[in-house]
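K.L.:
Got a structure here, written out as structure tokens. Questions coming.
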Amino acid sequence: MLDSEETAVKMHYICQTYVMKQKGQQMALHVDKVFEYKSAAEAEERAEREARREGCVGADAYMLSEDPTSGEVSEPTFLARHGTVPEVEGD
């Protein structure tokens with residue numbers, strides 16, 4: 001029998017930042033940094049700060065759930081989106 005902590009869904013709270021880089025003849029959006037936090041509030045606060053940082057064009061804060069038994073990871077649920085960020089289906 002598995003320990004209940006091993007079978008519980010694990011939540012991941014992520015802040016992901018973006019920069020613009022040259023790609024051929026055009027500028028394109030690229031992931032710059034990825035930070036993981038223990039709470040949604042921490043990820044949201046970091047995204048807000050990072051979006052104001054020089055050189056950063058945008059930042060997302062999102063959460064994912066992971067089922068440790070199957071290894072499946074959910075689609076991201078966005079908590080905050082600042083500046084220039086990739087389009088998401090349904091936006």
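A note on labels: chains of the structure tokens are A, B, ... as shown, every chain counts residues from 1, and ligands are counted from 1 in their shown order.
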Name the residues in contact with stretch 20-36 of chain A at a cut-off of 9 Å, using only C-alpha atoms, excluding same-chain residues fewer than 3 positions from it; report them as a ChimeraX atom specification.
P.N.:
/A:12-17,39,43,46,55-57,84-86
K.L.:
With a distance cut-off of 7 Å and only C-alpha atoms, select the neighbouring residues of A:Lys10, excluding the residue or stretch itself and same-chain residues fewer than 4 positions from it, and output the selection as a PDB file with N, CA and C atoms, in the first residue's frame.
P.N.:
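Heads up, here's the output in part-v9.pdb:
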ATOM      1  N   SER A  65      -1.362  20.577 -11.930  1.00  0.00           N
ATOM      2  CA  SER A  65      -1.477  19.482 -10.964  1.00  0.00           C
ATOM      3  C   SER A  65      -0.827  18.249 -11.571  1.00  0.00           C
ATOM      4  N   GLU A  66      -0.181  17.481 -10.722  1.00  0.00           N
ATOM      5  CA  GLU A  66       0.518  16.274 -11.157  1.00  0.00           C
ATOM      6  C   GLU A  66       0.014  15.092 -10.349  1.00  0.00           C
ATOM      7  N   ASP A  67      -0.353  14.049 -11.034  1.00  0.00           N
ATOM      8  CA  ASP A  67      -0.754  12.803 -10.381  1.00  0.00           C
ATOM      9  C   ASP A  67       0.494  11.936 -10.276  1.00  0.00           C
TER      10      ASP A  67
END
K.L.:
Enumerate the residues of chain A with a DSSP assignment of strand (DSSP E or B), computed from the backbone, and present them as a ChimeraX atom specification.
P.N.:
/A:10-23,26-37,58-66,73,77-83
K.L.:
Write out as a ChimeraX atom specification the set of residues from chain A that DSSP, computed on the backbone, places in helix (DSSP H, G or I).
P.N.:
/A:4-7,40-52
K.L.:
Write out the residues from the selection above, keeping N, CA and C atoms, as a PDB file, in the first residue's frame.
P.N.:
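Contents of out_32.pdb, freshly written:
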ATOM      1  N   SER A   4      -0.055   7.896   1.796  1.00  0.00           N
ATOM      2  CA  SER A   4      -1.029   8.868   1.270  1.00  0.00           C
ATOM      3  C   SER A   4      -0.349  10.075   0.632  1.00  0.00           C
ATOM      4  N   GLU A   5       0.840  10.459   1.111  1.00  0.00           N
ATOM      5  CA  GLU A   5       1.555  11.582   0.502  1.00  0.00           C
ATOM      6  C   GLU A   5       1.995  11.250  -0.914  1.00  0.00           C
ATOM      7  N   GLU A   6       2.333   9.998  -1.165  1.00  0.00           N
ATOM      8  CA  GLU A   6       2.779   9.578  -2.488  1.00  0.00           C
ATOM      9  C   GLU A   6       1.627   9.552  -3.487  1.00  0.00           C
ATOM     10  N   THR A   7       0.402   9.352  -3.029  1.00  0.00           N
ATOM     11  CA  THR A   7      -0.743   9.249  -3.925  1.00  0.00           C
ATOM     12  C   THR A   7      -1.506  10.563  -4.059  1.00  0.00           C
ATOM     13  N   ALA A  40       0.380  29.828  -4.879  1.00  0.00           N
ATOM     14  CA  ALA A  40      -0.068  30.636  -6.014  1.00  0.00           C
ATOM     15  C   ALA A  40       0.324  32.097  -5.811  1.00  0.00           C
ATOM     16  N   ALA A  41       0.177  32.602  -4.593  1.00  0.00           N
ATOM     17  CA  ALA A  41       0.480  34.008  -4.306  1.00  0.00           C
ATOM     18  C   ALA A  41       1.945  34.322  -4.598  1.00  0.00           C
ATOM     19  N   GLU A  42       2.851  33.421  -4.226  1.00  0.00           N
ATOM     20  CA  GLU A  42       4.282  33.644  -4.485  1.00  0.00           C
ATOM     21  C   GLU A  42       4.559  33.695  -5.992  1.00  0.00           C
ATOM     22  N   ALA A  43       3.954  32.799  -6.755  1.00  0.00           N
ATOM     23  CA  ALA A  43       4.162  32.782  -8.205  1.00  0.00           C
ATOM     24  C   ALA A  43       3.600  34.044  -8.842  1.00  0.00           C
ATOM     25  N   GLU A  44       2.422  34.487  -8.393  1.00  0.00           N
ATOM     26  CA  GLU A  44       1.807  35.695  -8.931  1.00  0.00           C
ATOM     27  C   GLU A  44       2.652  36.934  -8.625  1.00  0.00           C
ATOM     28  N   GLU A  45       3.152  37.029  -7.399  1.00  0.00           N
ATOM     29  CA  GLU A  45       3.981  38.179  -7.017  1.00  0.00           C
ATOM     30  C   GLU A  45       5.256  38.227  -7.844  1.00  0.00           C
ATOM     31  N   ARG A  46       5.880  37.074  -8.064  1.00  0.00           N
ATOM     32  CA  ARG A  46       7.122  37.045  -8.841  1.00  0.00           C
ATOM     33  C   ARG A  46       6.855  37.438 -10.291  1.00  0.00           C
ATOM     34  N   ALA A  47       5.750  36.959 -10.870  1.00  0.00           N
ATOM     35  CA  ALA A  47       5.409  37.302 -12.256  1.00  0.00           C
ATOM     36  C   ALA A  47       5.222  38.810 -12.399  1.00  0.00           C
ATOM     37  N   GLU A  48       4.562  39.413 -11.431  1.00  0.00           N
ATOM     38  CA  GLU A  48       4.348  40.869 -11.474  1.00  0.00           C
ATOM     39  C   GLU A  48       5.683  41.617 -11.415  1.00  0.00           C
ATOM     40  N   ARG A  49       6.577  41.189 -10.529  1.00  0.00           N
ATOM     41  CA  ARG A  49       7.896  41.825 -10.413  1.00  0.00           C
ATOM     42  C   ARG A  49       8.724  41.623 -11.673  1.00  0.00           C
ATOM     43  N   GLU A  50       8.746  40.396 -12.172  1.00  0.00           N
ATOM     44  CA  GLU A  50       9.564  40.077 -13.346  1.00  0.00           C
ATOM     45  C   GLU A  50       9.097  40.842 -14.578  1.00  0.00           C
ATOM     46  N   ALA A  51       7.788  41.045 -14.719  1.00  0.00           N
ATOM     47  CA  ALA A  51       7.247  41.750 -15.889  1.00  0.00           C
ATOM     48  C   ALA A  51       7.738  43.196 -15.940  1.00  0.00           C
ATOM     49  N   ARG A  52       8.117  43.754 -14.795  1.00  0.00           N
ATOM     50  CA  ARG A  52       8.628  45.127 -14.732  1.00  0.00           C
ATOM     51  C   ARG A  52      10.142  45.196 -14.938  1.00  0.00           C
TER      52      ARG A  52
END
K.L.:
Work out how far apart atom CA of A:Arg53 and atom CA of A:Thr77 are and give it in Å to one decimal.
P.N.:
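Result for atom CA of A:Arg53 versus atom CA of A:Thr77: 23.7 Å, one decimal.
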K.L.:
Calculate how many Å separate atom CA of A:Val9 from atom CA of A:Thr69, rounding to one decimal.
P.N.:
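Interatomic distance here is 8.7 Å.
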